[in-house]
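Student: This one is upload-v6.pdb, PDB, C-alpha atoms.
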ATOM      1  CA  MET F  88      -9.838  20.311 -53.006
ATOM      2  CA  ASP F  89     -10.146  23.023 -50.339
ATOM      3  CA  ASP F  90     -13.328  24.249 -52.031
ATOM      4  CA  LYS F  91     -14.884  20.927 -51.219
ATOM      5  CA  LEU F  92     -14.031  21.131 -47.554
ATOM      6  CA  LEU F  93     -16.612  22.591 -45.219
ATOM      7  CA  SER F  94     -15.906  25.807 -43.342
ATOM      8  CA  ASP F  95     -15.986  25.819 -39.531
ATOM      9  CA  GLU F  96     -19.505  27.246 -39.493
ATOM     10  CA  GLU F  97     -20.701  24.691 -42.035
ATOM     11  CA  LEU F  98     -19.117  21.875 -40.056
ATOM     12  CA  ASP F  99     -20.946  23.043 -36.916
ATOM     13  CA  GLN F 100     -24.212  23.009 -38.866
ATOM     14  CA  VAL F 101     -23.535  19.464 -40.021
ATOM     15  CA  LEU F 102     -22.451  18.297 -36.542
ATOM     16  CA  ALA F 103     -25.696  19.627 -35.119
ATOM     17  CA  LYS F 104     -27.415  16.846 -37.080
ATOM     18  CA  ALA F 105     -25.371  14.080 -35.443
ATOM     19  CA  SER F 106     -27.255  11.506 -33.411
ATOM     20  CA  ASN F 107     -28.122  12.159 -29.810
ATOM     21  CA  PRO F 108     -28.410   8.518 -28.741
ATOM     22  CA  GLU F 109     -30.237   7.395 -25.634
ATOM     23  CA  PRO F 110     -29.890   4.039 -23.885
ATOM     24  CA  SER F 111     -32.768   1.607 -23.871
ATOM     25  CA  ALA F 112     -35.615   2.009 -21.402
ATOM     26  CA  GLY F 113     -34.829   0.861 -17.877
ATOM     27  CA  PHE F 114     -31.097   0.797 -18.504
ATOM     28  CA  GLU F 115     -30.347   2.970 -15.480
ATOM     29  CA  GLN F 116     -32.083   0.620 -13.050
ATOM     30  CA  ARG F 117     -30.652  -2.496 -14.689
ATOM     31  CA  MET F 118     -27.160  -1.084 -14.471
ATOM     32  CA  LEU F 119     -27.562  -0.041 -10.841
ATOM     33  CA  SER F 120     -28.759  -3.474  -9.789
ATOM     34  CA  ARG F 121     -26.074  -5.273 -11.804
ATOM     35  CA  VAL F 122     -23.218  -3.138 -10.570
ATOM     36  CA  THR F 123     -24.153  -3.104  -6.898
ATOM     37  CA  ARG F 124     -24.896  -6.849  -7.036
ATOM     38  CA  GLN F 125     -21.201  -7.395  -7.707
ATOM     39  CA  GLN F 126     -20.371  -5.791  -4.392
ATOM     40  CA  PRO F 127     -19.688  -8.970  -2.355
ATOM     41  CA  ALA F 128     -17.376 -10.549  -4.911
ATOM     42  CA  ALA F 129     -15.538  -7.392  -5.740
ATOM     43  CA  ARG F 130     -15.132  -5.965  -2.273
ATOM     44  CA  ALA F 131     -14.972  -9.078  -0.103
ATOM     45  CA  LEU F 132     -11.805 -10.122  -1.896
ATOM     46  CA  PRO F 133      -9.470  -7.678  -0.155
ATOM     47  CA  GLU F 134     -10.845  -8.737   3.264
ATOM     48  CA  ALA F 135     -10.261 -12.380   2.399
ATOM     49  CA  ARG F 136      -6.772 -11.486   1.302
ATOM     50  CA  GLN F 137      -6.212  -9.651   4.550
ATOM     51  CA  GLY F 138      -7.118 -12.829   6.477
ATOM     52  CA  LYS F 139      -4.719 -14.840   4.360
ATOM     53  CA  LEU F 140      -2.035 -12.226   4.872
ATOM     54  CA  TRP F 141      -2.264 -12.697   8.626
ATOM     55  CA  LEU F 142      -1.960 -16.453   8.240
ATOM     56  CA  ILE F 143       1.194 -16.037   6.205
ATOM     57  CA  GLY F 144       2.506 -12.978   7.962
ATOM     58  CA  LEU F 145       2.547 -14.326  11.522
ATOM     59  CA  PRO F 146       4.845 -17.322  10.851
ATOM     60  CA  LEU F 147       7.033 -15.103   8.690
ATOM     61  CA  ALA F 148       7.341 -12.516  11.434
ATOM     62  CA  ALA F 149       8.141 -15.223  14.001
ATOM     63  CA  SER F 150      10.766 -16.717  11.672
ATOM     64  CA  LEU F 151      12.290 -13.302  11.206
ATOM     65  CA  LEU F 152      12.523 -12.710  14.953
ATOM     66  CA  VAL F 153      14.103 -16.132  15.546
ATOM     67  CA  GLY F 154      16.492 -15.468  12.659
ATOM     68  CA  VAL F 155      17.575 -12.134  14.097
ATOM     69  CA  TRP F 156      18.015 -13.627  17.569
ATOM     70  CA  LEU F 157      20.024 -16.563  16.239
ATOM     71  CA  GLY F 158      22.069 -14.284  14.057
ATOM     72  CA  ASN F 159      23.012 -12.096  17.002
ATOM     73  CA  THR F 160      23.929 -15.102  19.129
ATOM     74  CA  VAL F 161      26.103 -16.603  16.407
ATOM     75  CA  MET F 162      27.773 -13.278  15.729
ATOM     76  CA  GLU F 163      28.604 -12.874  19.404
ATOM     77  CA  ASN F 164      29.997 -16.417  19.652
ATOM     78  CA  ASN F 165      32.068 -16.128  16.511
ATOM     79  CA  TYR F 166      33.322 -12.598  17.030
ATOM     80  CA  PHE F 167      36.636 -13.574  18.541
ATOM     81  CA  THR F 168      37.142 -16.449  16.107
ATOM     82  CA  ILE F 169      36.625 -14.134  13.158
ATOM     83  CA  SER F 170      38.940 -11.522  14.626
ATOM     84  CA  ARG F 171      41.614 -14.147  15.230
ATOM     85  CA  ASN F 172      41.314 -15.422  11.652
ATOM     86  CA  ALA F 173      41.634 -11.904  10.362
ATOM     87  CA  MET F 174      44.814 -11.361  12.302
ATOM     88  CA  VAL F 175      46.276 -14.640  11.013
ATOM     89  CA  SER F 176      45.425 -13.576   7.473
ATOM     90  CA  ASP F 177      47.109 -10.205   7.897
ATOM     91  CA  ASN F 178      50.271 -11.782   9.248
ATOM     92  CA  SER F 179      50.522 -14.518   6.630
ATOM     93  CA  ASP F 180      53.876 -14.485   4.842
ATOM     94  CA  GLU F 181      52.517 -16.478   1.959
ATOM     95  CA  ALA F 182      50.158 -13.782   0.971
ATOM     96  CA  SER F 183      51.580 -11.876  -1.935
ATOM     97  CA  ASP F 184      50.253  -9.244  -4.229
ATOM     98  CA  THR F 185      49.170 -10.369  -7.613
ATOM     99  CA  GLY F 186      48.043  -8.142 -10.380
ATOM    100  CA  PHE F 187      48.607  -6.889 -13.862
ATOM    101  CA  ASP F 188      52.362  -6.677 -13.439
ATOM    102  CA  ASP F 189      52.553 -10.435 -13.072
ATOM    103  CA  VAL F 190      51.286 -10.853 -16.615
ATOM    104  CA  ALA F 191      54.631  -9.679 -17.956
ATOM    105  CA  ALA F 192      56.164 -12.940 -16.797
ATOM    106  CA  PHE F 193      53.792 -14.934 -18.908
ATOM    107  CA  ILE F 194      55.190 -15.910 -22.300
ATOM    108  CA  GLU F 195      52.598 -16.157 -24.981
ATOM    109  CA  GLY F 196      52.339 -19.597 -26.468
ATOM    110  CA  SER F 197      54.291 -21.152 -23.703
ATOM    111  CA  SER F 198      52.937 -24.426 -22.517
ATOM    112  CA  THR F 199      54.757 -24.268 -19.234
TER     113      THR F 199
ATOM    114  CA  MET B 285     -40.705   7.945  16.207
ATOM    115  CA  THR B 286     -38.706  11.013  17.150
ATOM    116  CA  ALA B 287     -35.511   9.049  16.803
ATOM    117  CA  HIS B 288     -36.591   7.897  13.357
ATOM    118  CA  LEU B 289     -37.339  11.449  12.285
ATOM    119  CA  LYS B 290     -33.954  12.554  13.529
ATOM    120  CA  LEU B 291     -32.309   9.763  11.558
ATOM    121  CA  VAL B 292     -34.149  10.697   8.384
ATOM    122  CA  SER B 293     -33.301  14.352   8.771
ATOM    123  CA  ALA B 294     -29.664  13.406   9.333
ATOM    124  CA  LEU B 295     -29.528  11.559   6.018
ATOM    125  CA  PRO B 296     -28.002  13.717   3.305
ATOM    126  CA  GLU B 297     -30.063  14.821   0.347
ATOM    127  CA  TRP B 298     -27.994  12.962  -2.194
ATOM    128  CA  HIS B 299     -29.404  14.856  -5.148
ATOM    129  CA  VAL B 300     -28.009  18.143  -3.909
ATOM    130  CA  CYS B 301     -24.609  16.698  -3.006
ATOM    131  CA  SER B 302     -21.556  17.369  -5.147
ATOM    132  CA  ASP B 303     -19.863  14.570  -7.042
ATOM    133  CA  ALA B 304     -17.037  14.621  -4.506
ATOM    134  CA  GLU B 305     -19.468  14.097  -1.634
ATOM    135  CA  LEU B 306     -21.233  11.318  -3.503
ATOM    136  CA  LEU B 307     -17.919   9.684  -4.288
ATOM    137  CA  ALA B 308     -16.947   9.743  -0.627
ATOM    138  CA  ALA B 309     -20.231   7.983   0.163
ATOM    139  CA  VAL B 310     -19.661   5.454  -2.617
ATOM    140  CA  ALA B 311     -16.301   4.657  -1.013
ATOM    141  CA  VAL B 312     -18.246   3.275   1.940
ATOM    142  CA  GLN B 313     -20.596   1.391  -0.405
ATOM    143  CA  ASN B 314     -23.550   3.724  -0.239
ATOM    144  CA  GLU B 315     -25.852   2.562  -3.018
ATOM    145  CA  GLN B 316     -28.088   5.623  -2.844
ATOM    146  CA  ALA B 317     -25.171   7.907  -3.510
ATOM    147  CA  PHE B 318     -24.050   5.661  -6.341
ATOM    148  CA  ALA B 319     -27.555   5.698  -7.832
ATOM    149  CA  VAL B 320     -27.418   9.494  -7.925
ATOM    150  CA  LEU B 321     -24.012   9.402  -9.603
ATOM    151  CA  ILE B 322     -25.413   7.023 -12.210
ATOM    152  CA  ALA B 323     -28.479   9.176 -12.791
ATOM    153  CA  ARG B 324     -26.278  12.238 -13.131
ATOM    154  CA  HIS B 325     -23.762  10.866 -15.632
ATOM    155  CA  TYR B 326     -24.977   7.752 -17.408
ATOM    156  CA  HIS B 327     -26.400   9.614 -20.407
ATOM    157  CA  THR B 328     -23.076  11.313 -21.048
ATOM    158  CA  VAL B 329     -21.040   8.136 -20.615
ATOM    159  CA  TYR B 330     -23.440   6.244 -22.863
ATOM    160  CA  ARG B 331     -23.175   8.862 -25.611
ATOM    161  CA  VAL B 332     -19.366   8.790 -25.487
ATOM    162  CA  ALA B 333     -19.444   5.015 -25.813
ATOM    163  CA  TRP B 334     -22.014   5.180 -28.585
ATOM    164  CA  ARG B 335     -19.913   7.615 -30.653
ATOM    165  CA  SER B 336     -17.432   4.758 -31.045
ATOM    166  CA  CYS B 337     -19.618   1.641 -30.880
ATOM    167  CA  ARG B 338     -22.672   3.011 -32.682
ATOM    168  CA  ASN B 339     -24.862   0.259 -31.316
ATOM    169  CA  THR B 340     -26.923   0.043 -28.155
ATOM    170  CA  PRO B 341     -25.741  -3.286 -26.626
ATOM    171  CA  ASP B 342     -22.022  -2.491 -26.835
ATOM    172  CA  SER B 343     -22.567   1.070 -25.640
ATOM    173  CA  GLU B 344     -24.583  -0.121 -22.651
ATOM    174  CA  ASP B 345     -21.957  -2.731 -21.806
ATOM    175  CA  VAL B 346     -19.219  -0.133 -21.907
ATOM    176  CA  THR B 347     -21.251   2.288 -19.791
ATOM    177  CA  GLN B 348     -21.946  -0.388 -17.224
ATOM    178  CA  GLU B 349     -18.286  -1.430 -17.129
ATOM    179  CA  ALA B 350     -17.202   2.167 -16.558
ATOM    180  CA  PHE B 351     -19.576   2.541 -13.608
ATOM    181  CA  LEU B 352     -18.549  -0.858 -12.288
ATOM    182  CA  ARG B 353     -14.951   0.305 -12.157
ATOM    183  CA  LEU B 354     -16.048   3.380 -10.274
ATOM    184  CA  TRP B 355     -18.054   1.293  -7.823
ATOM    185  CA  ASN B 356     -15.257  -1.195  -7.233
ATOM    186  CA  ASN B 357     -12.548   1.375  -6.738
ATOM    187  CA  PRO B 358     -13.906   4.892  -6.143
ATOM    188  CA  LEU B 359     -10.735   6.028  -4.401
ATOM    189  CA  GLN B 360      -8.745   5.834  -7.615
ATOM    190  CA  LEU B 361     -10.154   9.244  -8.532
ATOM    191  CA  ARG B 362      -7.845  11.890  -7.171
ATOM    192  CA  ASP B 363     -10.326  14.705  -7.779
ATOM    193  CA  GLY B 364     -13.818  13.874  -6.593
ATOM    194  CA  ASN B 365     -15.328  16.563  -8.782
ATOM    195  CA  ALA B 366     -13.836  15.037 -11.937
ATOM    196  CA  VAL B 367     -16.133  12.006 -11.940
ATOM    197  CA  LYS B 368     -17.821  12.873 -15.233
ATOM    198  CA  GLY B 369     -14.572  13.331 -17.129
ATOM    199  CA  TRP B 370     -13.073  10.242 -15.565
ATOM    200  CA  LEU B 371     -16.068   8.132 -16.591
ATOM    201  CA  MET B 372     -15.927   9.511 -20.128
ATOM    202  CA  ARG B 373     -12.239   8.715 -20.410
ATOM    203  CA  VAL B 374     -12.736   5.201 -19.047
ATOM    204  CA  ALA B 375     -15.617   4.620 -21.465
ATOM    205  CA  SER B 376     -13.485   5.810 -24.349
ATOM    206  CA  ASN B 377     -10.647   3.473 -23.362
ATOM    207  CA  LEU B 378     -13.056   0.586 -22.920
ATOM    208  CA  THR B 379     -14.491   1.030 -26.407
ATOM    209  CA  LEU B 380     -10.965   1.063 -27.781
ATOM    210  CA  ASP B 381     -10.175  -2.180 -25.937
ATOM    211  CA  ARG B 382     -13.416  -3.664 -27.209
ATOM    212  CA  PHE B 383     -12.504  -2.857 -30.814
ATOM    213  CA  ARG B 384      -9.051  -4.361 -30.334
ATOM    214  CA  GLN B 385     -10.602  -7.559 -29.021
ATOM    215  CA  LYS B 386     -13.029  -8.083 -31.880
ATOM    216  CA  PRO B 387     -11.722  -6.286 -34.945
ATOM    217  CA  MET B 388     -13.304  -8.766 -37.378
ATOM    218  CA  GLN B 389     -16.787  -7.971 -36.169
ATOM    219  CA  ASP B 390     -16.095  -4.311 -36.663
ATOM    220  CA  LEU B 391     -14.940  -5.006 -40.193
ATOM    221  CA  ASP B 392     -18.241  -6.747 -40.790
ATOM    222  CA  ASP B 393     -20.038  -3.734 -39.438
ATOM    223  CA  ALA B 394     -17.958  -1.491 -41.690
ATOM    224  CA  ARG B 395     -19.902  -2.624 -44.731
ATOM    225  CA  HIS B 396     -22.457  -0.019 -43.751
ATOM    226  CA  VAL B 397     -19.928   2.791 -43.864
ATOM    227  CA  ALA B 398     -20.581   5.102 -46.747
ATOM    228  CA  ASP B 399     -17.720   5.472 -49.188
ATOM    229  CA  GLY B 400     -18.678   8.939 -50.269
ATOM    230  CA  SER B 401     -19.883   7.734 -53.643
ATOM    231  CA  THR B 402     -23.464   8.821 -53.142
ATOM    232  CA  PRO B 403     -24.838  10.058 -56.437
ATOM    233  CA  ALA B 404     -25.204  13.813 -56.523
ATOM    234  CA  ASP B 405     -28.826  13.660 -57.523
ATOM    235  CA  MET B 406     -29.793  11.197 -54.814
ATOM    236  CA  SER B 407     -32.204  12.660 -52.339
ATOM    237  CA  VAL B 408     -30.593  12.738 -48.925
ATOM    238  CA  ASP B 409     -33.001  12.039 -46.128
ATOM    239  CA  ARG B 410     -32.474  12.813 -42.477
ATOM    240  CA  ALA B 411     -31.552   9.247 -41.544
ATOM    241  CA  HIS B 412     -28.846   9.175 -44.189
ATOM    242  CA  VAL B 413     -27.465  12.538 -43.114
ATOM    243  CA  THR B 414     -27.329  11.526 -39.466
ATOM    244  CA  ALA B 415     -25.792   8.143 -40.234
ATOM    245  CA  ARG B 416     -23.151   9.687 -42.475
ATOM    246  CA  ILE B 417     -22.162  12.250 -39.831
ATOM    247  CA  ASP B 418     -22.054   9.578 -37.121
ATOM    248  CA  GLU B 419     -19.830   7.429 -39.317
ATOM    249  CA  ALA B 420     -17.430  10.277 -39.859
ATOM    250  CA  ILE B 421     -17.259  10.971 -36.110
ATOM    251  CA  ALA B 422     -16.723   7.295 -35.361
ATOM    252  CA  ALA B 423     -13.894   7.216 -37.907
ATOM    253  CA  LEU B 424     -11.923   9.865 -36.008
ATOM    254  CA  PRO B 425      -8.868   8.804 -34.010
ATOM    255  CA  GLU B 426      -9.872   7.957 -30.454
ATOM    256  CA  ARG B 427      -8.450  10.998 -28.694
ATOM    257  CA  GLN B 428      -9.752  13.439 -31.293
ATOM    258  CA  ARG B 429     -13.179  11.856 -30.997
ATOM    259  CA  LEU B 430     -13.119  12.042 -27.199
ATOM    260  CA  ALA B 431     -12.044  15.695 -27.265
ATOM    261  CA  LEU B 432     -14.816  16.500 -29.732
ATOM    262  CA  ALA B 433     -17.391  14.561 -27.714
ATOM    263  CA  MET B 434     -16.464  16.358 -24.512
ATOM    264  CA  VAL B 435     -16.343  19.875 -25.869
ATOM    265  CA  HIS B 436     -18.754  19.867 -28.792
ATOM    266  CA  PHE B 437     -21.410  17.357 -27.771
ATOM    267  CA  GLU B 438     -21.235  17.492 -23.960
ATOM    268  CA  GLN B 439     -20.528  21.237 -23.749
ATOM    269  CA  MET B 440     -17.584  20.834 -21.390
ATOM    270  CA  THR B 441     -15.191  23.756 -21.186
ATOM    271  CA  ASN B 442     -11.737  23.327 -22.685
ATOM    272  CA  ILE B 443     -10.241  23.451 -19.199
ATOM    273  CA  ALA B 444     -12.566  20.748 -17.839
ATOM    274  CA  ALA B 445     -12.053  18.545 -20.879
ATOM    275  CA  ALA B 446      -8.283  18.955 -20.673
ATOM    276  CA  GLN B 447      -8.358  17.996 -16.994
ATOM    277  CA  ALA B 448     -10.525  14.989 -17.757
ATOM    278  CA  MET B 449      -8.144  13.823 -20.479
ATOM    279  CA  GLU B 450      -5.144  14.634 -18.281
ATOM    280  CA  ILE B 451      -3.577  16.833 -20.928
ATOM    281  CA  SER B 452      -2.831  20.538 -21.212
ATOM    282  CA  VAL B 453      -5.401  22.949 -22.618
ATOM    283  CA  ASP B 454      -3.083  23.594 -25.572
ATOM    284  CA  ALA B 455      -2.945  19.872 -26.295
ATOM    285  CA  LEU B 456      -6.722  19.658 -26.098
ATOM    286  CA  GLU B 457      -7.161  22.581 -28.483
ATOM    287  CA  SER B 458      -4.731  20.910 -30.854
ATOM    288  CA  LEU B 459      -6.755  17.682 -30.682
ATOM    289  CA  LEU B 460      -9.949  19.610 -31.368
ATOM    290  CA  ALA B 461      -8.433  21.431 -34.330
ATOM    291  CA  ARG B 462      -7.075  18.205 -35.803
ATOM    292  CA  GLY B 463     -10.393  16.473 -35.140
ATOM    293  CA  ARG B 464     -12.344  19.123 -36.982
ATOM    294  CA  ARG B 465      -9.859  19.112 -39.860
ATOM    295  CA  THR B 466     -10.081  15.321 -40.084
ATOM    296  CA  LEU B 467     -13.872  15.524 -40.042
ATOM    297  CA  LYS B 468     -13.851  18.010 -42.903
ATOM    298  CA  GLN B 469     -11.650  15.682 -44.906
ATOM    299  CA  LEU B 470     -13.823  12.681 -44.081
ATOM    300  CA  LEU B 471     -16.871  14.610 -45.230
ATOM    301  CA  ALA B 472     -15.158  16.118 -48.247
ATOM    302  CA  GLN B 473     -16.951  13.893 -50.728
ATOM    303  CA  ASP B 474     -20.499  14.539 -49.633
ATOM    304  CA  GLY B 475     -20.150  17.334 -47.077
ATOM    305  CA  ARG B 476     -21.860  19.894 -49.313
ATOM    306  CA  GLN B 477     -24.697  17.526 -49.999
ATOM    307  CA  LEU B 478     -25.119  16.855 -46.294
ATOM    308  CA  LEU B 479     -25.001  20.560 -45.568
ATOM    309  CA  ALA B 480     -27.649  21.242 -48.185
ATOM    310  CA  ALA B 481     -29.851  18.573 -46.623
ATOM    311  CA  CYS B 482     -29.300  20.104 -43.171
ATOM    312  CA  LEU B 483     -30.243  23.544 -44.473
ATOM    313  CA  ARG B 484     -33.321  22.188 -46.282
ATOM    314  CA  GLU B 485     -34.454  20.525 -43.086
ATOM    315  CA  GLY B 486     -33.932  23.733 -41.162
ATOM    316  CA  GLU B 487     -36.174  25.708 -43.470
TER     317      GLU B 487
END
Just dump the structure as structure tokens.
Tutor:
Amino acid sequence: MDDKLLSDEELDQVLAKASNPEPSAGFEQRMLSRVTRQQPAARALPEARQGKLWLIGLPLAASLLVGVWLGNTVMENNYFTISRNAMVSDNSDEASDTGFDDVAAFIEGSST
Amino acid sequence: MTAHLKLVSALPEWHVCSDAELLAAVAVQNEQAFAVLIARHYHTVYRVAWRSCRNTPDSEDVTQEAFLRLWNNPLQLRDGNAVKGWLMRVASNLTLDRFRQKPMQDLDDARHVADGSTPADMSVDRAHVTARIDEAIAALPERQRLALAMVHFEQMTNIAAAQAMEISVDALESLLARGRRTLKQLLAQDGRQLLAACLREGE
């Protein structure tokens, strides 16, 4: 089988006979005009998107500012209420630890 | 008039500019610079496309699409001096996509592919030799074919071709070696006959 295979030098000789294709006449000019003609559609799109981004971005930014301002105001107003609730929670006698140890009291199959 | 002359003299001579300089001009939509880039590279890109498509319309479409991508987004090239390799790689990928999209048509075209059963006594003319070699090249795996096209047919150095394919030089050399081995196997049936025809023609 190896005898049938070409050597490197023989392969180079064969490859030298491969086609050297050329595009059709006028292809260069046709391509240039076609490609550059697509300029407005292809490149105007990002600018259009930028305009739309401003339209969406401004209300969003305003909403964000209002949200931050309102959030701060509410936090300030509720600070003492939250602190008081936390203290009540810490002092609650009803609060008891629950955990894995409590499972021991559970009888399997019991309906009660 | 003087102002006009100053303006003209200030314009760059695009033909002597490097690819990187042309690319920078293309980024600001300079058509003259783009025309020079096209003139400089379209033959190469077309040949790479043709090695896979083996027909003029598809090869021209692929070439145009590759340049269109460059025109629409020139800044995607990190190295401005790697335009040629980038275009070749894009063209190669585009032909692959094209074959994926219309495999049935390619099967129809495959009826022309020689099966290596040419009778030994059949006279082999130049057209047959060329067609048979082109078929074998087109039958190579995509990356092997691209490596071969860059180094063997476009005379790129191994380093430049490796950079263009975004692989190491070792990987490129491996692709080339496998490509040549595959070619030898593809031409095993009638390689000697083709070689004899090549030698006869050379005499």
Student: For the atom pair CA of Gln125 in chain F and CA of Cys301 in chain B, what is the interatomic distance in Å to one decimal place?
Tutor: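 So the answer is 24.8 Å.
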Student: Run the PyMOL selection byres ((chain B and resi 423) around 12) mentally over the shown coordinates, then write out the matched residues as a short mmCIF file (atom, residue, chain, number, x, y, z; two decimals) with C-alpha atoms, in the frame of the given file, using the chain letters and numbers from the document.
Tutor:
data_model
loop_
_atom_site.label_atom_id
_atom_site.label_comp_id
_atom_site.auth_asym_id
_atom_site.auth_seq_id
_atom_site.Cartn_x
_atom_site.Cartn_y
_atom_site.Cartn_z
CA ARG B 335 -19.91 7.62 -30.65
CA SER B 336 -17.43 4.76 -31.04
CA CYS B 337 -19.62 1.64 -30.88
CA ARG B 338 -22.67 3.01 -32.68
CA ASP B 390 -16.10 -4.31 -36.66
CA ALA B 394 -17.96 -1.49 -41.69
CA VAL B 397 -19.93 2.79 -43.86
CA ALA B 398 -20.58 5.10 -46.75
CA ARG B 416 -23.15 9.69 -42.48
CA ILE B 417 -22.16 12.25 -39.83
CA ASP B 418 -22.05 9.58 -37.12
CA GLU B 419 -19.83 7.43 -39.32
CA ALA B 420 -17.43 10.28 -39.86
CA ILE B 421 -17.26 10.97 -36.11
CA ALA B 422 -16.72 7.30 -35.36
CA LEU B 424 -11.92 9.86 -36.01
CA PRO B 425 -8.87 8.80 -34.01
CA GLU B 426 -9.87 7.96 -30.45
CA ARG B 427 -8.45 11.00 -28.69
CA GLN B 428 -9.75 13.44 -31.29
CA ARG B 429 -13.18 11.86 -31.00
CA LEU B 430 -13.12 12.04 -27.20
CA GLY B 463 -10.39 16.47 -35.14
CA THR B 466 -10.08 15.32 -40.08
CA LEU B 467 -13.87 15.52 -40.04
CA LYS B 468 -13.85 18.01 -42.90
CA GLN B 469 -11.65 15.68 -44.91
CA LEU B 470 -13.82 12.68 -44.08
CA LEU B 471 -16.87 14.61 -45.23
#
Student: Once the PyMOL selection byres ((chain B and resi 371) around 10) is applied to the coordinates I shared, what remains selected? I want it as a VMD selection string.
Tutor: chain B and resid 325 to 326 328 to 330 332 347 349 to 351 353 to 354 366 to 370 372 to 377 448
Student: Compute the chain F side of the contact with chain B at 8 Å, counting all atoms listed in the file, and hand it back as a list in words.
Tutor: Lys91, Leu92, Leu93, Glu97, Leu98, Gln100, Val101, Leu102, Lys104, Ala105, Ser106, Asn107, Pro108, Glu109, Pro110, Ser111, Phe114, Glu115, Met118, Leu119, Val122, Thr123, Gln126, Ala129 and Arg130 of chain F
Student: Using all atoms of range 433-451 of chain B listed in the file and a margin of 8 Å per side, can you give the axis-aligned box centre and edge lengths in Å to one decimal, as JSON?
Tutor:
{"center_x": -12.5, "center_y": 18.8, "center_z": -22.9, "size_x": 33.8, "size_y": 25.9, "size_z": 27.8}
Student: Identify which of the residues B:Asp342, B:Ala333, B:Arg462, B:Leu361 lies closest to Ala433 in chain B, counting all atoms listed in the file when measuring atom-to-atom distances.
Tutor: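 Going through B:Asp342, B:Ala333, B:Arg462, B:Leu361 one by one, the smallest distance to Ala433 in chain B is for B:Ala333.
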Student: Go ahead and compute the interatomic distance for CA of Gln439 in chain B and CA of Val453 in chain B, in Å to one decimal.
Tutor: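 One can read the CA of Gln439 in chain B to CA of Val453 in chain B distance as 15.3 Å.
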Student: Find the distance between CA of Glu457 in chain B and CA of Ser94 in chain F and write it in Å to one decimal.
Tutor: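 Interatomic distance here is 17.5 Å.
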Student: Do you know which residues the PyMOL selection byres ((chain B and resi 446) around 12) returns on this file, as a PyMOL selection string?
Tutor: chain B and resi 366+369-370+373+427+430-432+434-435+440-445+447-460
Student: How would range 143-156 of chain F of the given structure read as a file with N, CA and C atoms, as a PDB file, in the first residue's frame?
Tutor:
ATOM      1  N   ILE F 143     -34.754  55.087  27.034  1.00  0.00           N
ATOM      2  CA  ILE F 143     -35.048  54.137  28.102  1.00  0.00           C
ATOM      3  C   ILE F 143     -34.233  54.449  29.348  1.00  0.00           C
ATOM      4  N   GLY F 144     -33.026  54.885  29.119  1.00  0.00           N
ATOM      5  CA  GLY F 144     -32.095  55.074  30.240  1.00  0.00           C
ATOM      6  C   GLY F 144     -32.470  56.223  31.158  1.00  0.00           C
ATOM      7  N   LEU F 145     -32.962  57.323  30.591  1.00  0.00           N
ATOM      8  CA  LEU F 145     -33.299  58.483  31.431  1.00  0.00           C
ATOM      9  C   LEU F 145     -34.385  58.171  32.452  1.00  0.00           C
ATOM     10  N   PRO F 146     -35.545  57.626  32.034  1.00  0.00           N
ATOM     11  CA  PRO F 146     -36.564  57.280  33.041  1.00  0.00           C
ATOM     12  C   PRO F 146     -36.056  56.269  34.057  1.00  0.00           C
ATOM     13  N   LEU F 147     -35.232  55.327  33.584  1.00  0.00           N
ATOM     14  CA  LEU F 147     -34.700  54.320  34.504  1.00  0.00           C
ATOM     15  C   LEU F 147     -33.800  54.961  35.550  1.00  0.00           C
ATOM     16  N   ALA F 148     -32.958  55.883  35.091  1.00  0.00           N
ATOM     17  CA  ALA F 148     -32.061  56.567  36.020  1.00  0.00           C
ATOM     18  C   ALA F 148     -32.858  57.388  37.022  1.00  0.00           C
ATOM     19  N   ALA F 149     -33.899  58.090  36.534  1.00  0.00           N
ATOM     20  CA  ALA F 149     -34.741  58.890  37.431  1.00  0.00           C
ATOM     21  C   ALA F 149     -35.426  57.993  38.452  1.00  0.00           C
ATOM     22  N   SER F 150     -35.947  56.851  37.981  1.00  0.00           N
ATOM     23  CA  SER F 150     -36.617  55.907  38.890  1.00  0.00           C
ATOM     24  C   SER F 150     -35.646  55.416  39.950  1.00  0.00           C
ATOM     25  N   LEU F 151     -34.430  55.165  39.518  1.00  0.00           N
ATOM     26  CA  LEU F 151     -33.422  54.669  40.459  1.00  0.00           C
ATOM     27  C   LEU F 151     -33.134  55.710  41.536  1.00  0.00           C
ATOM     28  N   LEU F 152     -32.989  56.968  41.117  1.00  0.00           N
ATOM     29  CA  LEU F 152     -32.716  58.034  42.078  1.00  0.00           C
ATOM     30  C   LEU F 152     -33.859  58.169  43.078  1.00  0.00           C
ATOM     31  N   VAL F 153     -35.095  58.182  42.557  1.00  0.00           N
ATOM     32  CA  VAL F 153     -36.273  58.295  43.435  1.00  0.00           C
ATOM     33  C   VAL F 153     -36.317  57.115  44.401  1.00  0.00           C
ATOM     34  N   GLY F 154     -35.994  55.921  43.842  1.00  0.00           N
ATOM     35  CA  GLY F 154     -36.002  54.708  44.678  1.00  0.00           C
ATOM     36  C   GLY F 154     -34.993  54.793  45.806  1.00  0.00           C
ATOM     37  N   VAL F 155     -33.803  55.278  45.487  1.00  0.00           N
ATOM     38  CA  VAL F 155     -32.763  55.408  46.515  1.00  0.00           C
ATOM     39  C   VAL F 155     -33.182  56.424  47.568  1.00  0.00           C
ATOM     40  N   TRP F 156     -33.737  57.545  47.086  1.00  0.00           N
ATOM     41  CA  TRP F 156     -34.160  58.605  48.031  1.00  0.00           C
ATOM     42  C   TRP F 156     -35.267  58.083  48.942  1.00  0.00           C
TER      43      TRP F 156
END
